[in-house]
file start.json (JSON, C-alpha atoms and all ligand atoms)
[["chain", "number", "residue", "atom", "x", "y", "z"],
["F", 1, "MET", "CA", -14.72, 44.24, -34.04],
["F", 2, "LYS", "CA", -13.42, 42.68, -30.81],
["F", 3, "ARG", "CA", -10.34, 40.48, -30.54],
["F", 4, "VAL", "CA", -10.33, 37.14, -32.34],
["F", 5, "ILE", "CA", -8.10, 34.12, -31.68],
["F", 6, "THR", "CA", -8.34, 31.59, -34.53],
["F", 7, "ILE", "CA", -7.74, 27.86, -34.10],
["F", 8, "ASP", "CA", -7.66, 25.86, -37.33],
["F", 9, "GLY", "CA", -6.72, 22.27, -38.01],
["F", 10, "PRO", "CA", -7.86, 18.87, -39.30],
["F", 11, "SER", "CA", -10.62, 16.81, -37.75],
["F", 12, "GLY", "CA", -9.82, 15.04, -34.50],
["F", 13, "ALA", "CA", -6.86, 17.29, -33.65],
["F", 14, "GLY", "CA", -8.54, 18.35, -30.40],
["F", 15, "LYS", "CA", -9.43, 21.89, -31.54],
["F", 16, "SER", "CA", -12.84, 21.99, -29.86],
["F", 17, "THR", "CA", -11.64, 20.95, -26.42],
["F", 18, "ILE", "CA", -8.74, 23.40, -26.62],
["F", 19, "ALA", "CA", -10.83, 26.29, -27.98],
["F", 20, "LYS", "CA", -13.56, 25.79, -25.38],
["F", 21, "ARG", "CA", -11.08, 25.74, -22.46],
["F", 22, "LEU", "CA", -9.14, 28.70, -23.80],
["F", 23, "ALA", "CA", -12.31, 30.76, -24.23],
["F", 24, "THR", "CA", -13.42, 29.99, -20.66],
["F", 25, "GLU", "CA", -10.02, 30.84, -19.17],
["F", 26, "LEU", "CA", -9.69, 34.12, -21.09],
["F", 27, "GLY", "CA", -13.33, 35.17, -20.68],
["F", 28, "PHE", "CA", -13.82, 35.07, -24.47],
["F", 29, "GLU", "CA", -16.82, 33.60, -26.32],
["F", 30, "TYR", "CA", -16.33, 30.32, -28.15],
["F", 31, "LEU", "CA", -17.37, 30.03, -31.81],
["F", 32, "ASP", "CA", -17.52, 26.42, -33.06],
["F", 33, "THR", "CA", -17.81, 26.86, -36.84],
["F", 34, "GLY", "CA", -17.82, 23.09, -37.43],
["F", 35, "ALA", "CA", -21.13, 23.06, -35.53],
["F", 36, "LEU", "CA", -22.50, 25.64, -38.00],
["F", 37, "TYR", "CA", -21.49, 23.47, -41.00],
["F", 38, "ARG", "CA", -22.99, 20.45, -39.27],
["F", 39, "ALA", "CA", -26.26, 22.32, -38.63],
["F", 40, "VAL", "CA", -26.49, 23.33, -42.31],
["F", 41, "ALA", "CA", -25.83, 19.69, -43.27],
["F", 42, "LEU", "CA", -28.63, 18.51, -40.98],
["F", 43, "TYR", "CA", -30.99, 21.06, -42.50],
["F", 44, "LEU", "CA", -30.07, 20.07, -46.08],
["F", 45, "ARG", "CA", -30.38, 16.36, -45.28],
["F", 46, "ARG", "CA", -33.81, 16.93, -43.76],
["F", 47, "SER", "CA", -34.72, 18.74, -46.98],
["F", 48, "GLY", "CA", -33.82, 15.55, -48.88],
["F", 49, "CYS", "CA", -30.41, 16.65, -50.27],
["F", 50, "ASP", "CA", -27.39, 14.52, -51.06],
["F", 51, "GLU", "CA", -24.10, 15.27, -52.87],
["F", 52, "ASN", "CA", -25.87, 15.53, -56.24],
["F", 53, "ILE", "CA", -27.82, 18.65, -55.32],
["F", 54, "SER", "CA", -27.14, 21.71, -57.49],
["F", 55, "ASP", "CA", -25.78, 25.01, -56.14],
["F", 56, "GLU", "CA", -29.02, 26.72, -57.25],
["F", 57, "GLU", "CA", -31.12, 24.33, -55.19],
["F", 58, "ILE", "CA", -28.84, 24.77, -52.16],
["F", 59, "SER", "CA", -29.20, 28.57, -52.43],
["F", 60, "ARG", "CA", -32.96, 28.27, -52.67],
["F", 61, "LEU", "CA", -33.17, 26.02, -49.61],
["F", 62, "LEU", "CA", -30.86, 28.23, -47.54],
["F", 63, "GLU", "CA", -33.30, 31.13, -47.96],
["F", 64, "GLY", "CA", -35.52, 29.27, -45.50],
["F", 65, "LEU", "CA", -32.81, 28.81, -42.88],
["F", 66, "LYS", "CA", -32.01, 30.95, -39.87],
["F", 67, "ILE", "CA", -29.02, 29.67, -37.97],
["F", 68, "SER", "CA", -27.59, 30.89, -34.68],
["F", 69, "PHE", "CA", -24.95, 29.92, -32.16],
["F", 70, "SER", "CA", -25.20, 30.90, -28.53],
["F", 71, "ASP", "CA", -23.65, 29.59, -25.27],
["F", 72, "GLY", "CA", -22.16, 26.63, -27.09],
["F", 73, "ARG", "CA", -25.53, 25.60, -28.55],
["F", 74, "VAL", "CA", -26.57, 25.73, -32.19],
["F", 75, "PHE", "CA", -30.08, 26.46, -33.47],
["F", 76, "ILE", "CA", -31.74, 26.05, -36.86],
["F", 77, "ASN", "CA", -34.93, 28.07, -37.18],
["F", 78, "ASN", "CA", -34.99, 28.28, -33.36],
["F", 79, "GLU", "CA", -34.74, 24.50, -32.86],
["F", 80, "ASP", "CA", -31.82, 23.45, -30.66],
["F", 81, "VAL", "CA", -29.97, 20.82, -32.75],
["F", 82, "THR", "CA", -26.75, 20.71, -30.68],
["F", 83, "ASP", "CA", -26.98, 16.97, -29.99],
["F", 84, "ARG", "CA", -28.48, 15.93, -33.35],
["F", 85, "ILE", "CA", -25.51, 17.20, -35.36],
["F", 86, "ARG", "CA", -23.00, 14.90, -33.61],
["F", 87, "THR", "CA", -23.57, 11.77, -35.70],
["F", 88, "PRO", "CA", -21.14, 10.14, -38.18],
["F", 89, "GLU", "CA", -23.68, 10.75, -40.98],
["F", 90, "ILE", "CA", -23.87, 14.49, -40.31],
["F", 91, "GLY", "CA", -20.07, 14.59, -39.89],
["F", 92, "HIS", "CA", -19.75, 13.12, -43.38],
["F", 93, "PHE", "CA", -22.32, 15.44, -44.99],
["F", 94, "SER", "CA", -20.98, 18.55, -43.23],
["F", 95, "SER", "CA", -17.68, 17.89, -44.99],
["F", 96, "VAL", "CA", -19.48, 17.22, -48.32],
["F", 97, "PHE", "CA", -21.71, 20.32, -48.23],
["F", 98, "SER", "CA", -18.96, 22.56, -46.79],
["F", 99, "ALA", "CA", -17.19, 22.33, -50.17],
["F", 100, "ARG", "CA", -20.14, 24.13, -51.85],
["F", 101, "ALA", "CA", -19.98, 27.88, -52.49],
["F", 102, "PRO", "CA", -23.54, 28.79, -51.40],
["F", 103, "VAL", "CA", -23.01, 27.08, -48.04],
["F", 104, "ARG", "CA", -19.73, 28.89, -47.37],
["F", 105, "GLU", "CA", -21.21, 32.25, -48.45],
["F", 106, "PHE", "CA", -24.25, 31.70, -46.26],
["F", 107, "LEU", "CA", -22.11, 30.99, -43.16],
["F", 108, "MET", "CA", -19.61, 33.78, -43.78],
["F", 109, "GLY", "CA", -22.01, 36.44, -42.49],
["F", 110, "VAL", "CA", -23.04, 34.36, -39.48],
["F", 111, "GLN", "CA", -19.38, 33.84, -38.49],
["F", 112, "ARG", "CA", -18.21, 37.42, -39.07],
["F", 113, "GLY", "CA", -21.14, 38.83, -37.11],
["F", 114, "PHE", "CA", -20.09, 36.97, -33.98],
["F", 115, "PRO", "CA", -17.01, 38.96, -32.83],
["F", 116, "GLU", "CA", -18.74, 42.28, -33.37],
["F", 117, "GLU", "CA", -19.96, 41.95, -29.80],
["F", 118, "HIS", "CA", -17.57, 39.58, -28.03],
["F", 119, "ASP", "CA", -13.88, 38.74, -27.87],
["F", 120, "THR", "CA", -13.91, 35.35, -29.58],
["F", 121, "VAL", "CA", -12.02, 32.10, -29.90],
["F", 122, "ALA", "CA", -13.05, 30.90, -33.37],
["F", 123, "GLU", "CA", -12.40, 27.30, -34.28],
["F", 124, "GLY", "CA", -12.59, 25.66, -37.74],
["F", 125, "ARG", "CA", -10.73, 25.07, -41.01],
["F", 126, "ASP", "CA", -10.50, 28.55, -42.61],
["F", 127, "MET", "CA", -10.71, 30.90, -39.63],
["F", 128, "GLY", "CA", -7.24, 32.42, -40.01],
["F", 129, "THR", "CA", -7.04, 32.18, -43.80],
["F", 130, "VAL", "CA", -10.47, 33.38, -44.98],
["F", 131, "VAL", "CA", -13.01, 34.35, -42.33],
["F", 132, "PHE", "CA", -10.78, 36.33, -39.93],
["F", 133, "PRO", "CA", -7.56, 37.09, -41.86],
["F", 134, "ASP", "CA", -6.83, 40.02, -39.51],
["F", 135, "ALA", "CA", -7.31, 38.00, -36.32],
["F", 136, "TRP", "CA", -5.38, 39.07, -33.23],
["F", 137, "LYS", "CA", -3.67, 35.64, -32.82],
["F", 138, "LYS", "CA", -3.72, 32.53, -35.00],
["F", 139, "PHE", "CA", -2.99, 28.89, -34.19],
["F", 140, "PHE", "CA", -2.86, 25.77, -36.36],
["F", 141, "ILE", "CA", -3.36, 22.58, -34.36],
["F", 142, "THR", "CA", -2.44, 19.15, -35.72],
["F", 143, "ALA", "CA", -1.73, 15.61, -34.49],
["F", 144, "SER", "CA", -0.73, 12.36, -36.23],
["F", 145, "ILE", "CA", -3.50, 10.52, -38.06],
["F", 146, "GLU", "CA", -3.29, 7.62, -35.56],
["F", 147, "GLU", "CA", -3.73, 9.95, -32.60],
["F", 148, "ARG", "CA", -6.59, 11.86, -34.26],
["F", 149, "THR", "CA", -8.35, 8.59, -35.07],
["F", 150, "ARG", "CA", -7.95, 7.44, -31.46],
["F", 151, "ARG", "CA", -9.40, 10.74, -30.16],
["F", 152, "ARG", "CA", -12.31, 10.70, -32.63],
["F", 153, "PHE", "CA", -13.09, 7.06, -31.73],
["F", 154, "LYS", "CA", -13.07, 7.84, -28.00],
["F", 155, "GLN", "CA", -15.28, 10.88, -28.52],
["F", 156, "LEU", "CA", -17.85, 8.89, -30.53],
["F", 157, "GLN", "CA", -17.78, 6.08, -27.96],
["F", 158, "GLU", "CA", -18.38, 8.53, -25.12],
["F", 159, "MET", "CA", -21.41, 9.80, -27.02],
["F", 160, "GLY", "CA", -22.70, 6.21, -27.24],
["F", 161, "LYS", "CA", -22.19, 5.96, -31.03],
["F", 162, "ALA", "CA", -21.36, 2.46, -32.28],
["F", 163, "VAL", "CA", -18.28, 2.73, -34.53],
["F", 164, "THR", "CA", -15.17, 0.60, -34.97],
["F", 165, "LEU", "CA", -11.63, 1.96, -34.93],
["F", 166, "ASP", "CA", -11.40, 1.19, -38.67],
["F", 167, "GLU", "CA", -14.53, 3.21, -39.40],
["F", 168, "ALA", "CA", -13.15, 6.13, -37.38],
["F", 169, "LEU", "CA", -9.87, 5.95, -39.35],
["F", 170, "ARG", "CA", -11.72, 5.90, -42.68],
["F", 171, "ASP", "CA", -13.82, 8.89, -41.60],
["F", 172, "VAL", "CA", -10.77, 10.94, -40.53],
["F", 173, "LYS", "CA", -8.88, 10.12, -43.76],
["F", 174, "GLU", "CA", -11.83, 10.88, -46.02],
["F", 175, "ARG", "CA", -12.49, 14.20, -44.32],
["F", 176, "ASP", "CA", -8.79, 15.21, -44.37],
["F", 177, "GLU", "CA", -8.74, 14.55, -48.08],
["F", 178, "ARG", "CA", -11.96, 16.42, -48.86],
["F", 179, "ASP", "CA", -11.41, 19.37, -46.48],
["F", 180, "SER", "CA", -7.82, 19.93, -47.66],
["F", 181, "ASN", "CA", -8.39, 19.55, -51.40],
["F", 182, "ARG", "CA", -11.63, 21.42, -52.02],
["F", 183, "LYS", "CA", -11.46, 24.48, -54.28],
["F", 184, "ILE", "CA", -12.97, 27.00, -51.86],
["F", 185, "ALA", "CA", -11.33, 27.79, -48.52],
["F", 186, "PRO", "CA", -9.42, 24.51, -48.14],
["F", 187, "LEU", "CA", -7.90, 23.58, -44.82],
["F", 188, "LYS", "CA", -4.37, 24.96, -44.70],
["F", 189, "LYS", "CA", -2.09, 26.61, -42.21],
["F", 190, "PRO", "CA", -2.38, 30.41, -42.26],
["F", 191, "ALA", "CA", 1.08, 31.79, -43.08],
["F", 192, "ASP", "CA", 1.09, 33.82, -39.84],
["F", 193, "ALA", "CA", -0.25, 31.08, -37.52],
["F", 194, "VAL", "CA", 1.67, 29.30, -34.76],
["F", 195, "HIS", "CA", 1.74, 25.55, -35.54],
["F", 196, "ILE", "CA", 1.33, 23.20, -32.58],
["F", 197, "ASP", "CA", 1.58, 19.43, -33.07],
["F", 198, "THR", "CA", -0.37, 17.94, -30.15],
["F", 199, "THR", "CA", 0.43, 14.25, -30.83],
["F", 200, "GLU", "CA", 2.60, 14.02, -27.73],
["F", 201, "LEU", "CA", 0.95, 16.83, -25.75],
["F", 202, "SER", "CA", -1.76, 16.68, -23.10],
["F", 203, "LEU", "CA", -4.57, 19.23, -23.14],
["F", 204, "GLU", "CA", -2.89, 21.16, -20.31],
["F", 205, "GLU", "CA", 0.44, 21.23, -22.16],
["F", 206, "THR", "CA", -1.23, 22.45, -25.35],
["F", 207, "LEU", "CA", -3.03, 25.20, -23.45],
["F", 208, "GLN", "CA", 0.20, 26.29, -21.77],
["F", 209, "CYS", "CA", 1.88, 26.46, -25.15],
["F", 210, "ILE", "CA", -0.94, 28.62, -26.57],
["F", 211, "LYS", "CA", -0.93, 30.90, -23.55],
["F", 212, "LYS", "CA", 2.84, 31.32, -23.84],
["F", 213, "HIS", "CA", 2.29, 32.59, -27.40],
["F", 214, "LEU", "CA", -0.46, 34.94, -26.27],
["F", 215, "GLY", "CA", 2.14, 36.32, -23.89],
["F", 216, "SER", "CA", 1.62, 39.47, -21.91],
["F", 217, "ASP", "CA", -0.74, 40.77, -24.61],
["F", 218, "ASN", "CA", -3.43, 39.05, -22.62],
["F", 219, "SER", "CA", -2.74, 40.56, -19.25],
["F", 220, "PRO", "CA", -5.95, 41.94, -17.71],
["F", 221, "GLU", "CA", -4.82, 45.56, -18.11],
["F", 222, "ASP", "CA", -4.47, 44.97, -21.86],
["F", 223, "ARG", "CA", -8.02, 43.82, -22.24],
["F", 224, "PRO", "CA", -10.37, 46.32, -23.88],
["F", 301, "LIG", "O1", -14.92, 20.44, -36.86],
["F", 301, "LIG", "P1", -16.05, 19.55, -37.32],
["F", 301, "LIG", "O2", -15.62, 18.11, -37.48],
["F", 301, "LIG", "O3", -17.27, 19.68, -36.46],
["F", 301, "LIG", "O4", -16.45, 20.11, -38.79],
["F", 301, "LIG", "C1", -17.36, 19.45, -39.62],
["F", 301, "LIG", "C2", -17.04, 19.74, -41.09],
["F", 301, "LIG", "O5", -17.34, 21.11, -41.39],
["F", 301, "LIG", "C3", -15.60, 19.54, -41.51],
["F", 301, "LIG", "O6", -15.37, 18.23, -42.00],
["F", 301, "LIG", "C4", -15.38, 20.57, -42.58],
["F", 301, "LIG", "C5", -16.41, 21.62, -42.32],
["F", 301, "LIG", "N1", -15.86, 22.88, -41.81],
["F", 301, "LIG", "C6", -15.38, 23.76, -42.74],
["F", 301, "LIG", "O7", -15.36, 23.47, -43.93],
["F", 301, "LIG", "N2", -14.93, 24.99, -42.33],
["F", 301, "LIG", "C7", -14.93, 25.32, -41.03],
["F", 301, "LIG", "N3", -14.51, 26.53, -40.67],
["F", 301, "LIG", "C8", -15.40, 24.40, -40.06],
["F", 301, "LIG", "C9", -15.84, 23.16, -40.48]]

call {"tool": "encode", "arguments": {"input": "start.json", "output": "structure tokens"}}
result
Amino acid sequence: MKRVITIDGPSGAGKSTIAKRLATELGFEYLDTGALYRAVALYLRRSGCDENISDEEISRLLEGLKISFSDGRVFINNEDVTDRIRTPEIGHFSSVFSARAPVREFLMGVQRGFPEEHDTVAEGRDMGTVVFPDAWKKFFITASIEERTRRRFKQLQEMGKAVTLDEALRDVKERDERDSNRKIAPLKKPADAVHIDTTELSLEETLQCIKKHLGSDNSPEDRP
């Protein structure tokens, strides 16, 4: 197992941008686990599922799914779905289906297999608590709900998705509630993670703060 840096936090906190930049600067691979949950949601939606589907049916459907993540792109059964998973509908259903045991079990192996070959920055909700409890360094990134809504709104607008600020706020609140209160692997700060509130911080300031915590452990001569 190579080195893993975990970045957990609620939706819209800026985790993806931070994790991507950090991975590039350190020469690590970037693992976007939200993209994996979104890809599973797209697959289940295409199979006709909604929130009423049973766990047995989910397990049966997942037998027909091969999912992979490479160079920042996500594939289901070799189809590149990177752009298709970035819709409000798939955002909603990724949160809904991510609360289901067969989905989390299915993705556990995919996620844990990743750092076997590469030093990894892994981003999600349960990276430091459940998937990589022995990670090298752990961070928990948050921001106020107003700031997260503003960021999510801007991101959706840049992607050409028509949403109002109110809809973005509702989406962020709903997902916070569901992701934090589900029974399995809820979003919570790992006890040994560094907490960074990015409400008042720019991307550069957040990165500096993370790098300060990585300290000299990341000097080139320390790298395996
Ligand atoms: O980070 P994101 O918005 O792309 O994630 C989509 C959903 O996937 C999120 O609402 C909850 C779920 N998720 C999860 O349960 N565990 C993870 N490690 C990553 C995402």

call {"tool": "residues_around", "arguments": {"input": "start.json", "residues": "Tyr37 of chain F", "least_positions_apart": "3", "cutoff": "8 Å", "atoms": "all atoms listed in the file", "output": "list in words"}}
result
Thr33, Gly34, Val40, Ala41, Ser94, Ser95, Phe97, Ser98 and Leu107 of chain F

call {"tool": "write_last_selection", "arguments": {"input": "start.json", "atoms": "C-alpha atoms", "output": "PDB file, keeping the file's coordinate frame"}}
result
ATOM      1  CA  THR F  33     -17.810  26.860 -36.840  1.00  0.00           C
ATOM      2  CA  GLY F  34     -17.820  23.090 -37.430  1.00  0.00           C
ATOM      3  CA  VAL F  40     -26.490  23.330 -42.310  1.00  0.00           C
ATOM      4  CA  ALA F  41     -25.830  19.690 -43.270  1.00  0.00           C
ATOM      5  CA  SER F  94     -20.980  18.550 -43.230  1.00  0.00           C
ATOM      6  CA  SER F  95     -17.680  17.890 -44.990  1.00  0.00           C
ATOM      7  CA  PHE F  97     -21.710  20.320 -48.230  1.00  0.00           C
ATOM      8  CA  SER F  98     -18.960  22.560 -46.790  1.00  0.00           C
ATOM      9  CA  LEU F 107     -22.110  30.990 -43.160  1.00  0.00           C
TER      10      LEU F 107
END

call {"tool": "closest_residue", "arguments": {"input": "start.json", "among": "F:Pro115, F:Gly124, F:Gly48, F:Gly14", "to": "ligand LIG 301 (chain F)", "atoms": "only C-alpha atoms and all ligand atoms"}}
result
F:Gly124

call {"tool": "residues_around", "arguments": {"input": "start.json", "residues": "Lys154 of chain F", "least_positions_apart": "4", "cutoff": "12 Å", "atoms": "all atoms listed in the file", "output": "list of chain:residue names"}}
result
F:Gly12, F:Gly14, F:Glu147, F:Arg148, F:Thr149, F:Arg150, F:Glu158, F:Met159, F:Gly160, F:Lys161, F:Ala162, F:Val163, F:Thr164, F:Leu165, F:Ala168, F:Leu169

call {"tool": "closest_residue", "arguments": {"input": "start.json", "among": "F:Val103, F:His92, F:Asn78, F:Glu25", "to": "Arg170 of chain F", "atoms": "only C-alpha atoms"}}
result
F:His92

call {"tool": "residues_around", "arguments": {"input": "start.json", "residues": "Gly72 of chain F", "least_positions_apart": "4", "cutoff": "12 Å", "atoms": "all atoms listed in the file", "output": "VMD selection string"}}
result
chain F and resid 16 to 17 19 to 20 23 to 24 29 to 36 68 80 to 83 121 to 122

call {"tool": "write_last_selection", "arguments": {"input": "start.json", "atoms": "C-alpha atoms", "output": "mmCIF file, keeping the file's coordinate frame"}}
result
data_model
loop_
_atom_site.group_PDB
_atom_site.id
_atom_site.type_symbol
_atom_site.label_atom_id
_atom_site.label_comp_id
_atom_site.auth_asym_id
_atom_site.auth_seq_id
_atom_site.Cartn_x
_atom_site.Cartn_y
_atom_site.Cartn_z
ATOM 1 C CA SER F 16 -12.840 21.990 -29.860
ATOM 2 C CA THR F 17 -11.640 20.950 -26.420
ATOM 3 C CA ALA F 19 -10.830 26.290 -27.980
ATOM 4 C CA LYS F 20 -13.560 25.790 -25.380
ATOM 5 C CA ALA F 23 -12.310 30.760 -24.230
ATOM 6 C CA THR F 24 -13.420 29.990 -20.660
ATOM 7 C CA GLU F 29 -16.820 33.600 -26.320
ATOM 8 C CA TYR F 30 -16.330 30.320 -28.150
ATOM 9 C CA LEU F 31 -17.370 30.030 -31.810
ATOM 10 C CA ASP F 32 -17.520 26.420 -33.060
ATOM 11 C CA THR F 33 -17.810 26.860 -36.840
ATOM 12 C CA GLY F 34 -17.820 23.090 -37.430
ATOM 13 C CA ALA F 35 -21.130 23.060 -35.530
ATOM 14 C CA LEU F 36 -22.500 25.640 -38.000
ATOM 15 C CA SER F 68 -27.590 30.890 -34.680
ATOM 16 C CA ASP F 80 -31.820 23.450 -30.660
ATOM 17 C CA VAL F 81 -29.970 20.820 -32.750
ATOM 18 C CA THR F 82 -26.750 20.710 -30.680
ATOM 19 C CA ASP F 83 -26.980 16.970 -29.990
ATOM 20 C CA VAL F 121 -12.020 32.100 -29.900
ATOM 21 C CA ALA F 122 -13.050 30.900 -33.370
#

call {"tool": "residues_around", "arguments": {"input": "start.json", "residues": "Pro190 of chain F", "least_positions_apart": "3", "cutoff": "6 Å", "atoms": "only C-alpha atoms", "output": "list in words"}}
result
Gly128, Thr129 and Ala193 of chain F

call {"tool": "residues_around", "arguments": {"input": "start.json", "residues": "Arg45 of chain F", "least_positions_apart": "6", "cutoff": "12 Å", "atoms": "only C-alpha atoms", "output": "list in words"}}
result
Arg38, Ala39, Glu51, Asn52, Ile53, Ile58, Leu61, Ile85, Glu89, Ile90, Gly91, His92, Phe93, Ser94, Val96 and Phe97 of chain F

call {"tool": "write_last_selection", "arguments": {"input": "start.json", "atoms": "C-alpha atoms", "output": "compact mmCIF listing (two decimals), in the frame of the given file"}}
result
# COMPACT_ATOMS: atom_id res chain seq x y z
CA ARG F 38 -22.99 20.45 -39.27
CA ALA F 39 -26.26 22.32 -38.63
CA GLU F 51 -24.10 15.27 -52.87
CA ASN F 52 -25.87 15.53 -56.24
CA ILE F 53 -27.82 18.65 -55.32
CA ILE F 58 -28.84 24.77 -52.16
CA LEU F 61 -33.17 26.02 -49.61
CA ILE F 85 -25.51 17.20 -35.36
CA GLU F 89 -23.68 10.75 -40.98
CA ILE F 90 -23.87 14.49 -40.31
CA GLY F 91 -20.07 14.59 -39.89
CA HIS F 92 -19.75 13.12 -43.38
CA PHE F 93 -22.32 15.44 -44.99
CA SER F 94 -20.98 18.55 -43.23
CA VAL F 96 -19.48 17.22 -48.32
CA PHE F 97 -21.71 20.32 -48.23

call {"tool": "atom_distance", "arguments": {"input": "start.json", "atom1": "atom CA of Arg178 of chain F", "atom2": "atom CA of Leu207 of chain F"}}
result
28.3 Å

call {"tool": "atom_distance", "arguments": {"input": "start.json", "atom1": "atom C3 of ligand LIG 301 (chain F)", "atom2": "atom CA of Arg104 of chain F"}}
result
11.8 Å

call {"tool": "closest_residue", "arguments": {"input": "start.json", "among": "F:Asp192, F:Glu205, F:Glu123, F:Glu63", "to": "Phe106 of chain F", "atoms": "all atoms listed in the file"}}
result
F:Glu63
